[in-house]
$ cat query_5.cif   # mmCIF, C-alpha atoms and all ligand atoms
data_start
#
loop_
_atom_site.group_PDB
_atom_site.id
_atom_site.type_symbol
_atom_site.label_atom_id
_atom_site.label_comp_id
_atom_site.auth_asym_id
_atom_site.auth_seq_id
_atom_site.Cartn_x
_atom_site.Cartn_y
_atom_site.Cartn_z
ATOM 1 C CA MET A 1041 -70.863 -76.597 -113.597
ATOM 2 C CA LYS A 1042 -71.615 -80.308 -113.551
ATOM 3 C CA LEU A 1043 -69.705 -82.362 -111.025
ATOM 4 C CA GLU A 1044 -69.858 -85.999 -112.032
ATOM 5 C CA ASN A 1045 -70.635 -88.530 -109.334
ATOM 6 C CA GLU A 1046 -70.912 -85.867 -106.671
ATOM 7 C CA ARG A 1047 -73.909 -85.617 -104.363
ATOM 8 C CA ILE A 1048 -75.498 -82.224 -103.784
ATOM 9 C CA PRO A 1049 -73.466 -79.738 -101.748
ATOM 10 C CA ASP A 1050 -74.857 -77.887 -98.734
ATOM 11 C CA GLN A 1051 -75.387 -74.573 -100.532
ATOM 12 C CA PHE A 1052 -78.447 -76.045 -102.209
ATOM 13 C CA LYS A 1053 -81.545 -74.911 -100.310
ATOM 14 C CA ILE A 1054 -85.192 -75.894 -100.516
ATOM 15 C CA ASP A 1055 -87.623 -73.008 -100.251
ATOM 16 C CA VAL A 1056 -91.181 -71.999 -101.114
ATOM 17 C CA MET A 1057 -91.571 -71.201 -104.832
ATOM 18 C CA THR A 1058 -92.120 -67.511 -105.570
ATOM 19 C CA VAL A 1059 -93.108 -65.728 -108.786
ATOM 20 C CA ASN A 1060 -89.422 -64.829 -109.268
ATOM 21 C CA ASP A 1061 -88.572 -68.541 -109.506
ATOM 22 C CA ILE A 1062 -90.980 -69.233 -112.370
ATOM 23 C CA PRO A 1063 -88.661 -68.385 -115.325
ATOM 24 C CA GLY A 1064 -86.108 -70.861 -113.939
ATOM 25 C CA VAL A 1065 -88.839 -73.422 -113.331
ATOM 26 C CA GLN A 1066 -89.995 -73.042 -116.937
ATOM 27 C CA VAL A 1067 -86.498 -73.755 -118.258
ATOM 28 C CA ILE A 1068 -86.598 -77.077 -116.393
ATOM 29 C CA GLU A 1069 -90.173 -77.729 -117.536
ATOM 30 C CA ARG A 1070 -89.129 -77.378 -121.169
ATOM 31 C CA TYR A 1071 -86.250 -79.814 -120.692
ATOM 32 C CA SER A 1072 -88.457 -82.282 -118.837
ATOM 33 C CA PHE A 1073 -91.972 -82.487 -120.289
ATOM 34 C CA PRO A 1074 -93.519 -82.694 -123.789
ATOM 35 C CA THR A 1075 -96.253 -80.201 -122.800
ATOM 36 C CA PRO A 1076 -94.664 -77.776 -120.310
ATOM 37 C CA TRP A 1077 -96.888 -75.640 -118.098
ATOM 38 C CA SER A 1078 -97.156 -71.960 -119.023
ATOM 39 C CA MET A 1079 -95.958 -69.049 -116.889
ATOM 40 C CA ARG A 1080 -99.611 -68.217 -116.244
ATOM 41 C CA ALA A 1081 -100.341 -71.727 -114.986
ATOM 42 C CA PHE A 1082 -97.545 -71.513 -112.405
ATOM 43 C CA VAL A 1083 -98.514 -67.983 -111.347
ATOM 44 C CA SER A 1084 -102.092 -69.115 -110.869
ATOM 45 C CA GLU A 1085 -100.991 -72.147 -108.858
ATOM 46 C CA ILE A 1086 -98.831 -70.231 -106.401
ATOM 47 C CA THR A 1087 -100.966 -67.081 -106.053
ATOM 48 C CA GLU A 1088 -104.581 -68.259 -106.427
ATOM 49 C CA ASN A 1089 -104.872 -71.964 -105.620
ATOM 50 C CA ASP A 1090 -105.276 -72.362 -101.868
ATOM 51 C CA CYS A 1091 -104.684 -76.116 -101.935
ATOM 52 C CA ALA A 1092 -101.456 -75.824 -103.976
ATOM 53 C CA HIS A 1093 -97.982 -75.962 -102.399
ATOM 54 C CA TYR A 1094 -94.807 -75.567 -104.440
ATOM 55 C CA LEU A 1095 -91.186 -75.903 -103.359
ATOM 56 C CA VAL A 1096 -87.972 -75.189 -105.257
ATOM 57 C CA MET A 1097 -84.392 -76.267 -104.742
ATOM 58 C CA ARG A 1098 -82.126 -73.274 -105.403
ATOM 59 C CA ARG A 1099 -78.390 -73.060 -105.908
ATOM 60 C CA GLY A 1100 -77.896 -69.423 -105.039
ATOM 61 C CA ARG A 1101 -80.658 -67.801 -107.108
ATOM 62 C CA GLN A 1102 -80.735 -70.539 -109.734
ATOM 63 C CA VAL A 1103 -83.610 -73.001 -109.584
ATOM 64 C CA VAL A 1104 -82.311 -76.552 -110.039
ATOM 65 C CA GLY A 1105 -85.517 -78.436 -109.235
ATOM 66 C CA TYR A 1106 -89.075 -78.062 -108.032
ATOM 67 C CA VAL A 1107 -92.053 -80.029 -106.789
ATOM 68 C CA GLY A 1108 -95.738 -79.233 -106.481
ATOM 69 C CA MET A 1109 -98.591 -80.714 -104.489
ATOM 70 C CA TRP A 1110 -102.291 -80.203 -103.931
ATOM 71 C CA LEU A 1111 -103.448 -80.904 -100.406
ATOM 72 C CA ILE A 1112 -106.923 -82.434 -100.590
ATOM 73 C CA ILE A 1113 -108.224 -83.202 -97.089
ATOM 74 C CA ASP A 1114 -105.750 -85.838 -95.846
ATOM 75 C CA GLU A 1115 -104.125 -86.605 -99.213
ATOM 76 C CA GLY A 1116 -101.154 -84.924 -100.862
ATOM 77 C CA HIS A 1117 -101.408 -85.118 -104.657
ATOM 78 C CA ILE A 1118 -98.075 -84.496 -106.381
ATOM 79 C CA THR A 1119 -98.745 -82.299 -109.432
ATOM 80 C CA ASN A 1120 -95.218 -82.201 -110.859
ATOM 81 C CA ILE A 1121 -91.581 -82.718 -110.008
ATOM 82 C CA ALA A 1122 -88.531 -82.084 -112.151
ATOM 83 C CA VAL A 1123 -84.812 -81.510 -111.760
ATOM 84 C CA HIS A 1124 -82.600 -79.649 -114.240
ATOM 85 C CA PRO A 1125 -80.865 -82.273 -116.447
ATOM 86 C CA ALA A 1126 -77.412 -80.992 -115.379
ATOM 87 C CA TRP A 1127 -78.224 -81.761 -111.744
ATOM 88 C CA ARG A 1128 -79.980 -85.125 -111.891
ATOM 89 C CA ARG A 1129 -78.828 -88.200 -109.930
ATOM 90 C CA ARG A 1130 -77.470 -86.075 -107.033
ATOM 91 C CA GLY A 1131 -80.381 -86.682 -104.660
ATOM 92 C CA ILE A 1132 -82.287 -83.469 -105.454
ATOM 93 C CA GLY A 1133 -85.487 -85.244 -106.527
ATOM 94 C CA THR A 1134 -85.338 -87.303 -103.331
ATOM 95 C CA ARG A 1135 -84.913 -84.221 -101.152
ATOM 96 C CA LEU A 1136 -87.749 -82.384 -102.875
ATOM 97 C CA LEU A 1137 -90.157 -85.303 -102.540
ATOM 98 C CA ASN A 1138 -89.244 -85.841 -98.891
ATOM 99 C CA ALA A 1139 -89.680 -82.144 -98.171
ATOM 100 C CA ILE A 1140 -93.118 -81.895 -99.795
ATOM 101 C CA ALA A 1141 -94.251 -85.098 -98.042
ATOM 102 C CA ALA A 1142 -93.097 -83.684 -94.700
ATOM 103 C CA HIS A 1143 -94.868 -80.422 -95.413
ATOM 104 C CA ALA A 1144 -98.022 -82.306 -96.401
ATOM 105 C CA TYR A 1145 -97.861 -84.383 -93.206
ATOM 106 C CA ARG A 1146 -97.548 -81.259 -91.115
ATOM 107 C CA LEU A 1147 -100.697 -79.900 -92.782
ATOM 108 C CA GLY A 1148 -102.644 -83.084 -92.070
ATOM 109 C CA ALA A 1149 -101.951 -85.368 -95.042
ATOM 110 C CA ARG A 1150 -101.556 -89.034 -94.189
ATOM 111 C CA ARG A 1151 -100.883 -90.377 -97.691
ATOM 112 C CA MET A 1152 -99.331 -89.133 -100.901
ATOM 113 C CA THR A 1153 -100.323 -89.975 -104.448
ATOM 114 C CA LEU A 1154 -99.147 -89.208 -107.974
ATOM 115 C CA GLU A 1155 -99.494 -90.260 -111.594
ATOM 116 C CA VAL A 1156 -96.535 -91.247 -113.735
ATOM 117 C CA ARG A 1157 -96.216 -92.276 -117.382
ATOM 118 C CA ARG A 1158 -95.885 -96.006 -117.847
ATOM 119 C CA SER A 1159 -92.676 -95.392 -119.857
ATOM 120 C CA ASN A 1160 -91.064 -93.076 -117.259
ATOM 121 C CA HIS A 1161 -88.887 -95.680 -115.565
ATOM 122 C CA GLN A 1162 -86.494 -93.147 -114.008
ATOM 123 C CA ALA A 1163 -89.277 -91.381 -112.112
ATOM 124 C CA GLN A 1164 -90.822 -94.722 -111.137
ATOM 125 C CA ALA A 1165 -87.448 -95.816 -109.739
ATOM 126 C CA LEU A 1166 -87.344 -92.669 -107.607
ATOM 127 C CA TYR A 1167 -90.889 -93.192 -106.316
ATOM 128 C CA HIS A 1168 -90.309 -96.889 -105.550
ATOM 129 C CA LYS A 1169 -87.153 -95.997 -103.656
ATOM 130 C CA LEU A 1170 -89.166 -93.605 -101.474
ATOM 131 C CA GLY A 1171 -91.863 -96.187 -100.723
ATOM 132 C CA TYR A 1172 -94.520 -95.404 -103.326
ATOM 133 C CA THR A 1173 -96.307 -98.441 -104.764
ATOM 134 C CA VAL A 1174 -98.478 -98.830 -107.856
ATOM 135 C CA ALA A 1175 -102.177 -99.033 -106.971
ATOM 136 C CA GLY A 1176 -103.846 -98.685 -110.355
ATOM 137 C CA VAL A 1177 -103.738 -97.497 -113.945
ATOM 138 C CA ARG A 1178 -105.476 -94.643 -115.746
ATOM 139 C CA PRO A 1179 -105.674 -95.887 -119.338
ATOM 140 C CA ARG A 1180 -104.665 -93.353 -122.049
ATOM 141 C CA TYR A 1181 -104.400 -90.605 -119.400
ATOM 142 C CA TYR A 1182 -101.838 -88.432 -121.264
ATOM 143 C CA LEU A 1183 -103.432 -86.543 -124.136
ATOM 144 C CA ASP A 1184 -100.224 -85.914 -126.129
ATOM 145 C CA ASN A 1185 -99.543 -89.590 -126.908
ATOM 146 C CA GLY A 1186 -102.357 -91.571 -125.291
ATOM 147 C CA GLU A 1187 -99.990 -93.174 -122.795
ATOM 148 C CA ASP A 1188 -101.301 -94.845 -119.631
ATOM 149 C CA ALA A 1189 -100.644 -93.348 -116.194
ATOM 150 C CA LEU A 1190 -99.652 -95.521 -113.267
ATOM 151 C CA ILE A 1191 -101.248 -94.339 -110.022
ATOM 152 C CA MET A 1192 -98.883 -94.571 -107.067
ATOM 153 C CA TRP A 1193 -99.523 -94.123 -103.334
ATOM 154 C CA LYS A 1194 -97.467 -93.842 -100.197
ATOM 155 C CA GLU A 1195 -98.657 -93.832 -96.571
ATOM 156 C CA LEU A 1196 -97.036 -91.118 -94.472
ATOM 157 C CA ASN A 1197 -95.845 -91.385 -90.893
ATOM 158 C CA SER A 1198 -94.182 -89.078 -88.414
ATOM 159 C CA ASP A 1199 -90.711 -90.042 -89.666
ATOM 160 C CA ASP A 1200 -91.550 -88.114 -92.840
ATOM 161 C CA CYS A 1201 -91.653 -84.943 -90.730
ATOM 162 C CA GLN A 1202 -87.917 -85.147 -90.165
ATOM 163 C CA ALA A 1203 -87.360 -83.715 -93.627
ATOM 164 C CA ILE A 1204 -89.164 -80.462 -92.798
ATOM 165 C CA SER A 1205 -85.892 -79.021 -91.507
ATOM 166 C CA ASP A 1206 -84.731 -79.240 -95.129
ATOM 167 C CA ILE A 1207 -86.899 -76.260 -96.069
ATOM 168 C CA GLY A 1208 -85.009 -72.992 -95.683
ATOM 169 C CA ASN A 1209 -87.846 -70.573 -95.071
ATOM 170 C CA ARG A 1210 -90.262 -72.526 -92.968
ATOM 171 C CA ASP A 1211 -92.208 -69.504 -91.734
ATOM 172 C CA GLU A 1212 -93.432 -68.800 -95.259
ATOM 173 C CA LEU A 1213 -95.093 -72.182 -95.569
ATOM 174 C CA ARG A 1214 -98.850 -72.086 -95.406
HETATM 175 C C1 LIG B 1 -87.409 -88.058 -112.016
HETATM 176 C C2 LIG B 1 -86.430 -86.957 -111.569
HETATM 177 C C3 LIG B 1 -87.250 -85.853 -110.891
HETATM 178 C C4 LIG B 1 -85.438 -87.552 -110.566
HETATM 179 O O1 LIG B 1 -84.662 -86.494 -110.013
HETATM 180 P P1 LIG B 1 -83.183 -86.765 -109.472
HETATM 181 O O2 LIG B 1 -82.752 -85.560 -108.704
HETATM 182 O O3 LIG B 1 -82.299 -87.189 -110.596
HETATM 183 O O4 LIG B 1 -83.429 -88.000 -108.493
HETATM 184 P P2 LIG B 1 -82.454 -88.550 -107.347
HETATM 185 O O5 LIG B 1 -81.041 -88.183 -107.648
HETATM 186 O O6 LIG B 1 -82.998 -88.133 -106.033
HETATM 187 O O7 LIG B 1 -82.628 -90.127 -107.568
HETATM 188 C C5 LIG B 1 -83.105 -90.958 -106.526
HETATM 189 C C6 LIG B 1 -83.226 -92.373 -107.047
HETATM 190 O O8 LIG B 1 -84.187 -92.429 -108.118
HETATM 191 C C7 LIG B 1 -83.755 -93.411 -109.079
HETATM 192 N N1 LIG B 1 -83.414 -92.740 -110.348
HETATM 193 C C8 LIG B 1 -83.395 -91.408 -110.579
HETATM 194 N N2 LIG B 1 -83.060 -91.172 -111.876
HETATM 195 C C9 LIG B 1 -82.871 -92.394 -112.449
HETATM 196 C C10 LIG B 1 -82.491 -92.810 -113.760
HETATM 197 N N3 LIG B 1 -82.253 -91.923 -114.754
HETATM 198 N N4 LIG B 1 -82.386 -94.137 -114.007
HETATM 199 C C11 LIG B 1 -82.618 -95.043 -113.037
HETATM 200 N N5 LIG B 1 -82.956 -94.702 -111.746
HETATM 201 C C12 LIG B 1 -83.095 -93.394 -111.470
HETATM 202 C C13 LIG B 1 -82.512 -94.054 -108.504
HETATM 203 O O9 LIG B 1 -82.934 -95.131 -107.675
HETATM 204 C C14 LIG B 1 -81.965 -92.925 -107.646
HETATM 205 O O10 LIG B 1 -81.117 -93.349 -106.617
HETATM 206 P P3 LIG B 1 -79.523 -93.510 -106.919
HETATM 207 O O11 LIG B 1 -79.079 -92.276 -107.630
HETATM 208 O O12 LIG B 1 -78.951 -93.681 -105.550
HETATM 209 O O13 LIG B 1 -79.414 -94.735 -107.785
HETATM 210 C C15 LIG B 1 -85.633 -86.404 -112.791
HETATM 211 O O14 LIG B 1 -85.091 -87.489 -113.512
HETATM 212 C C16 LIG B 1 -86.446 -85.556 -113.734
HETATM 213 O O15 LIG B 1 -86.572 -84.340 -113.564
HETATM 214 N N6 LIG B 1 -87.049 -86.185 -114.785
HETATM 215 C C17 LIG B 1 -87.852 -85.446 -115.768
HETATM 216 C C18 LIG B 1 -89.165 -85.006 -115.182
HETATM 217 C C19 LIG B 1 -90.014 -86.193 -114.729
HETATM 218 O O16 LIG B 1 -90.043 -87.238 -115.359
HETATM 219 N N7 LIG B 1 -90.743 -85.980 -113.608
HETATM 220 C C20 LIG B 1 -91.614 -86.984 -113.049
HETATM 221 C C21 LIG B 1 -92.975 -86.829 -113.620
HETATM 222 S S1 LIG B 1 -94.110 -88.047 -112.931
#
$ encode --input "query_5.cif" --output "structure tokens" --more "lines below"
Ligand SMILES: CC(C)(COP(=O)(O)OP(=O)(O)OC[C@H]1O[C@@H](n2cnc3c(N)ncnc32)[C@H](O)[C@@H]1OP(=O)(O)O)[C@@H](O)C(=O)NCCC(=O)NCCS
Amino acid sequence: MKLENERIPDQFKIDVMTVNDIPGVQVIERYSFPTPWSMRAFVSEITENDCAHYLVMRRGRQVVGYVGMWLIIDEGHITNIAVHPAWRRRGIGTRLLNAIAAHAYRLGARRMTLEVRRSNHQAQALYHKLGYTVAGVRPRYYLDNGEDALIMWKELNSDDCQAISDIGNRDELR
């Protein structure tokens, strides 16, 4: 049920992504990206890649958004973030990005980075709002249409740790 102009209610919880979440994640992937990741890619990320960290926002058992990150020494590299179209503009993307940044900080990251399509103004607006700034361009980075990627960075500080309480099952975090 879509509630217009309503922010997200409390029953929405952020948690570590499990294999059971992947079908729901893939639904959102297909709505959100021209070349969605396969089931196998997500399974590999969450079961085999030691530097990968994935969070979901669930409403009950339904996945409404997710975010992924690779922790590389003291940098958190966002791999993907998406929110189900029915639940956008309620603050879910903001909560997911804050939660993964807080998690990254706790694990030793001191800056976050990501790539975003030059034409993706809605995602850029989200990143700007959270303090990410453009630091460079990767020309023709996206293979499907040859679009440039903007490279964005954000320095982390201890305030970012406040968001860690947002994650429901903290003990499961690596
Ligand atoms: C980008 C995305 C994750 C944002 O998720 P979201 O839950 O809607 O984001 P939020 O509600 O937290 O929005 C936070 C702020 O981002 C900006 N923003 C988000 N969507 C926007 C839009 N469509 N147009 C303009 N600004 C937007 C606004 O500043 C917004 O604050 P406001 O609602 O108070 O104005 C979502 O639009 C999405 O899944 N897009 C498709 C996948 C994608 O492009 N991922 C990024 C790949 S780099």
$ residues_around --input "query_5.cif" --residues "Arg1099 in chain A" --least-positions-apart "6" --cutoff "9 Å" --atoms "all atoms listed in the file" --output "list in words"
Gln1051, Phe1052 and Lys1053 of chain A
$ write_last_selection --input "query_5.cif" --atoms "C-alpha atoms" --output "PDB file, in the frame of the given file"
ATOM      1  CA  GLN A1051     -75.387 -74.573-100.532  1.00  0.00           C
ATOM      2  CA  PHE A1052     -78.447 -76.045-102.209  1.00  0.00           C
ATOM      3  CA  LYS A1053     -81.545 -74.911-100.310  1.00  0.00           C
TER       4      LYS A1053
END
$ axis_aligned_box --input "query_5.cif" --around "ligand LIG 1 (chain B)" --padding-each-side "4 Å" --output "lines of an AutoDock Vina configuration file"
center_x = -86.5
center_y = -89.7
center_z = -110.7
size_x = 23.2
size_y = 18.8
size_z = 18.2
$ residues_near_ligand --input "query_5.cif" --ligand "ligand LIG 1 (chain B)" --cutoff "8 Å" --atoms "all atoms listed in the file" --output "PyMOL selection string"
chain A and resi 1068-1069+1071-1073+1105+1120-1125+1127-1135+1154-1157+1160-1169
$ write_last_selection --input "query_5.cif" --atoms "C-alpha atoms" --output "mmCIF file, keeping the file's coordinate frame"
data_model
loop_
_atom_site.group_PDB
_atom_site.id
_atom_site.type_symbol
_atom_site.label_atom_id
_atom_site.label_comp_id
_atom_site.auth_asym_id
_atom_site.auth_seq_id
_atom_site.Cartn_x
_atom_site.Cartn_y
_atom_site.Cartn_z
ATOM 1 C CA ILE A 1068 -86.598 -77.077 -116.393
ATOM 2 C CA GLU A 1069 -90.173 -77.729 -117.536
ATOM 3 C CA TYR A 1071 -86.250 -79.814 -120.692
ATOM 4 C CA SER A 1072 -88.457 -82.282 -118.837
ATOM 5 C CA PHE A 1073 -91.972 -82.487 -120.289
ATOM 6 C CA GLY A 1105 -85.517 -78.436 -109.235
ATOM 7 C CA ASN A 1120 -95.218 -82.201 -110.859
ATOM 8 C CA ILE A 1121 -91.581 -82.718 -110.008
ATOM 9 C CA ALA A 1122 -88.531 -82.084 -112.151
ATOM 10 C CA VAL A 1123 -84.812 -81.510 -111.760
ATOM 11 C CA HIS A 1124 -82.600 -79.649 -114.240
ATOM 12 C CA PRO A 1125 -80.865 -82.273 -116.447
ATOM 13 C CA TRP A 1127 -78.224 -81.761 -111.744
ATOM 14 C CA ARG A 1128 -79.980 -85.125 -111.891
ATOM 15 C CA ARG A 1129 -78.828 -88.200 -109.930
ATOM 16 C CA ARG A 1130 -77.470 -86.075 -107.033
ATOM 17 C CA GLY A 1131 -80.381 -86.682 -104.660
ATOM 18 C CA ILE A 1132 -82.287 -83.469 -105.454
ATOM 19 C CA GLY A 1133 -85.487 -85.244 -106.527
ATOM 20 C CA THR A 1134 -85.338 -87.303 -103.331
ATOM 21 C CA ARG A 1135 -84.913 -84.221 -101.152
ATOM 22 C CA LEU A 1154 -99.147 -89.208 -107.974
ATOM 23 C CA GLU A 1155 -99.494 -90.260 -111.594
ATOM 24 C CA VAL A 1156 -96.535 -91.247 -113.735
ATOM 25 C CA ARG A 1157 -96.216 -92.276 -117.382
ATOM 26 C CA ASN A 1160 -91.064 -93.076 -117.259
ATOM 27 C CA HIS A 1161 -88.887 -95.680 -115.565
ATOM 28 C CA GLN A 1162 -86.494 -93.147 -114.008
ATOM 29 C CA ALA A 1163 -89.277 -91.381 -112.112
ATOM 30 C CA GLN A 1164 -90.822 -94.722 -111.137
ATOM 31 C CA ALA A 1165 -87.448 -95.816 -109.739
ATOM 32 C CA LEU A 1166 -87.344 -92.669 -107.607
ATOM 33 C CA TYR A 1167 -90.889 -93.192 -106.316
ATOM 34 C CA HIS A 1168 -90.309 -96.889 -105.550
ATOM 35 C CA LYS A 1169 -87.153 -95.997 -103.656
#
$ resolve_selection --input "query_5.cif" --expression "the PyMOL selection byres (((chain A and resi 1092) around 12) and not hetatm)" --output "PyMOL selection string"
chain A and resi 1056-1057+1081-1091+1093-1095+1107-1112+1116-1120+1140+1143-1144+1147+1213-1214
$ residues_around --input "query_5.cif" --residues "Ala1175 in chain A" --least-positions-apart "3" --cutoff "7 Å" --atoms "only C-alpha atoms" --output "ChimeraX atom specification"
/A:1191-1193
$ closest_residue --input "query_5.cif" --among "A:Ile1062, A:Val1104, A:Ile1054, A:Val1174" --to "Ala1139 in chain A" --atoms "all atoms listed in the file"
A:Ile1054
$ atom_distance --input "query_5.cif" --atom1 "CA of Tyr1145 in chain A" --atom2 "CA of Tyr1182 in chain A"
28.6 Å
$ atom_distance --input "query_5.cif" --atom1 "CA of Arg1178 in chain A" --atom2 "CA of Glu1195 in chain A"
20.4 Å
$ closest_residue --input "query_5.cif" --among "A:Asn1185, A:Thr1173, A:Asn1138, A:Ser1159" --to "Asp1199 in chain A" --atoms "all atoms listed in the file"
A:Asn1138
$ closest_residue --input "query_5.cif" --among "A:Thr1153, A:Gln1102, A:Ser1078, A:Ser1198" --to "Asn1060 in chain A" --atoms "only C-alpha atoms"
A:Gln1102
$ atom_distance --input "query_5.cif" --atom1 "CA of Leu1196 in chain A" --atom2 "CA of Tyr1106 in chain A"
20.4 Å
$ resolve_selection --input "query_5.cif" --expression "the PyMOL selection byres (((chain A and resi 1114) around 6) and not hetatm)" --output "PyMOL selection string"
chain A and resi 1112-1113+1115+1148-1150
$ build_atoms --input "query_5.cif" --residues "range 1178-1199 of chain A" --atoms "N, CA and C atoms" --output "short mmCIF file (atom, residue, chain, number, x, y, z; two decimals), in the coordinates of the input"
data_model
loop_
_atom_site.label_atom_id
_atom_site.label_comp_id
_atom_site.auth_asym_id
_atom_site.auth_seq_id
_atom_site.Cartn_x
_atom_site.Cartn_y
_atom_site.Cartn_z
N ARG A 1178 -104.50 -95.45 -115.00
CA ARG A 1178 -105.48 -94.64 -115.75
C ARG A 1178 -105.15 -94.82 -117.23
N PRO A 1179 -105.98 -95.61 -117.94
CA PRO A 1179 -105.67 -95.89 -119.34
C PRO A 1179 -105.71 -94.61 -120.19
N ARG A 1180 -104.74 -94.46 -121.09
CA ARG A 1180 -104.66 -93.35 -122.05
C ARG A 1180 -104.85 -91.99 -121.37
N TYR A 1181 -104.23 -91.82 -120.22
CA TYR A 1181 -104.40 -90.60 -119.40
C TYR A 1181 -103.74 -89.39 -120.05
N TYR A 1182 -102.59 -89.57 -120.72
CA TYR A 1182 -101.84 -88.43 -121.26
C TYR A 1182 -102.31 -88.13 -122.68
N LEU A 1183 -102.77 -86.90 -122.88
CA LEU A 1183 -103.43 -86.54 -124.14
C LEU A 1183 -102.45 -86.45 -125.29
N ASP A 1184 -101.16 -86.14 -125.02
CA ASP A 1184 -100.22 -85.91 -126.13
C ASP A 1184 -99.91 -87.20 -126.89
N ASN A 1185 -99.87 -88.35 -126.20
CA ASN A 1185 -99.54 -89.59 -126.91
C ASN A 1185 -100.42 -90.78 -126.49
N GLY A 1186 -101.44 -90.50 -125.68
CA GLY A 1186 -102.36 -91.57 -125.29
C GLY A 1186 -101.76 -92.60 -124.35
N GLU A 1187 -100.67 -92.22 -123.68
CA GLU A 1187 -99.99 -93.17 -122.80
C GLU A 1187 -100.77 -93.37 -121.49
N ASP A 1188 -100.67 -94.58 -120.93
CA ASP A 1188 -101.30 -94.84 -119.63
C ASP A 1188 -100.55 -94.13 -118.51
N ALA A 1189 -101.27 -93.82 -117.43
CA ALA A 1189 -100.64 -93.35 -116.19
C ALA A 1189 -100.72 -94.46 -115.15
N LEU A 1190 -99.62 -94.67 -114.45
CA LEU A 1190 -99.65 -95.52 -113.27
C LEU A 1190 -100.00 -94.61 -112.09
N ILE A 1191 -100.89 -95.09 -111.23
CA ILE A 1191 -101.25 -94.34 -110.02
C ILE A 1191 -100.46 -94.93 -108.86
N MET A 1192 -99.71 -94.08 -108.17
CA MET A 1192 -98.88 -94.57 -107.07
C MET A 1192 -99.30 -93.89 -105.76
N TRP A 1193 -99.16 -94.63 -104.66
CA TRP A 1193 -99.52 -94.12 -103.33
C TRP A 1193 -98.42 -94.42 -102.35
N LYS A 1194 -98.37 -93.59 -101.33
CA LYS A 1194 -97.47 -93.84 -100.20
C LYS A 1194 -98.15 -93.37 -98.92
N GLU A 1195 -98.16 -94.24 -97.89
CA GLU A 1195 -98.66 -93.83 -96.57
C GLU A 1195 -97.58 -93.00 -95.88
N LEU A 1196 -98.00 -91.96 -95.19
CA LEU A 1196 -97.04 -91.12 -94.47
C LEU A 1196 -97.04 -91.48 -92.99
N ASN A 1197 -95.91 -91.24 -92.35
CA ASN A 1197 -95.84 -91.38 -90.89
C ASN A 1197 -94.97 -90.27 -90.34
N SER A 1198 -94.86 -90.23 -89.02
CA SER A 1198 -94.18 -89.08 -88.41
C SER A 1198 -92.72 -88.99 -88.81
N ASP A 1199 -92.11 -90.10 -89.22
CA ASP A 1199 -90.71 -90.04 -89.67
C ASP A 1199 -90.55 -89.09 -90.85
#
